[in-house]
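A.B. asks: Here you go, one structure.
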Amino acid sequence: SQQGEEDPQALSIQEGENATMNCSYKTSINNLQWYRQNSGRGLVHLILIRSNEREKHSGRLRVTLDTSKKSSSLLITASRAADTASYFCATAIIQGAQKLVFGQGTRLTINP
Amino acid sequence: DSGVTQTPKHLITATGQRVTLRCSPRSGDLSVYWYQQSLDQGLQFLIQYYNGEERAKGNILERFSAQQFPDLHSELNLSSLELGDSALYFCASSVGDSQETQYFGPGTRLLVL
């Protein structure tokens, strides 16, 4: 698997339901970030969680980080049609010059 | 609006040609990053500049080059273009040379015919 691999690749749910996306990574990290991309647009930063943090909230977003399992999850509660987008995790790996390594993304579709 | 601007928004050109993509980072940001996003490759890191100097290199082809100018704007030059270079090219910026938040521009959509 790659550094920063999201699961599932695609997710389709009904409006009002909760959406959960997962990210797994291989090497030790300083922090992990989640970004959103609406179709064909630039990525927008959602939340950053540091390696010594376990959970973080921002509005309807909840991110968890389990460094022992090298995994993170992004929960979007009470989903809305406007949440339809691709979601990427980005890992700030400890070794290497590249600052952030992005995963392949989860395509989330919220059905009205 | 992230504060990062990219021009042009769209570019259509032919194989073998050369193009220049331009990026202006957010005010005060010293780092500029270039990424390529295609359907089959996802978001690929190309190169990073920090305060005018190359800081990190990713999967950037030898046909591609970049630079960051004294006013901190950056240009990505793509030459001897091939059909496979068709993609979205994003520029991002951050305050320093660290692993904190990156702010992305709207991208340049390049189509090579």
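By order in the structure tokens, chains are A, B, ...; within a chain, residues start at 1; ligands start at 1, following the order shown.
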I need the chain B residues near chain A as a list in words; criterion: at most 7 Å, counting only C-alpha atoms.
C.D. replies: Gly42, Leu43, Ala56, Ser98, Gln99, Thr101, Tyr103, Phe104, Gly105, Pro106 and Gly107 of chain B
A.B. asks: Taking only residues of region 52-73 of chain A that have an atom at most 10 Å from an atom of region 2-19 of chain A, what is each one's shortest atom pair and its distance in Å to one decimal, using only C-alpha atoms, in chain and number order, as CSV?
C.D. replies:
```
residue,atom,partner,partner_atom,distance
A:Arg60,CA,A:Asn18,CA,9.6
A:Leu61,CA,A:Ala19,CA,9.8
A:Lys70,CA,A:Gly4,CA,9.5
A:Ser71,CA,A:Gly4,CA,8.7
A:Ser72,CA,A:Glu6,CA,9.3
A:Ser73,CA,A:Glu6,CA,9.1
```
A.B. asks: Taking the DSSP secondary structure from the backbone, can you list the residues of region 25-56 of chain B that are strand (DSSP E or B), as a ChimeraX atom specification?
C.D. replies: /B:31-38,42-50,53-56
A.B. asks: Which residues are near Thr13 (chain B)? Cut-off 7 Å, only C-alpha atoms, ignore same chain within fewer than 3 positions. Put them as a ChimeraX atom specification.
C.D. replies: /B:17,111-113
A.B. asks: Counting only C-alpha atoms, which of B:Leu83, B:Leu46, B:Leu88, B:Leu39 gets nearest to Ser65 (chain B)?
C.D. replies: B:Leu46
A.B. asks: Which distance in Å separates CA of Thr20 (chain A) and CA of Pro112 (chain A), to one decimal?
C.D. replies: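 Separation between CA of Thr20 (chain A) and CA of Pro112 (chain A): 17.8 Å.
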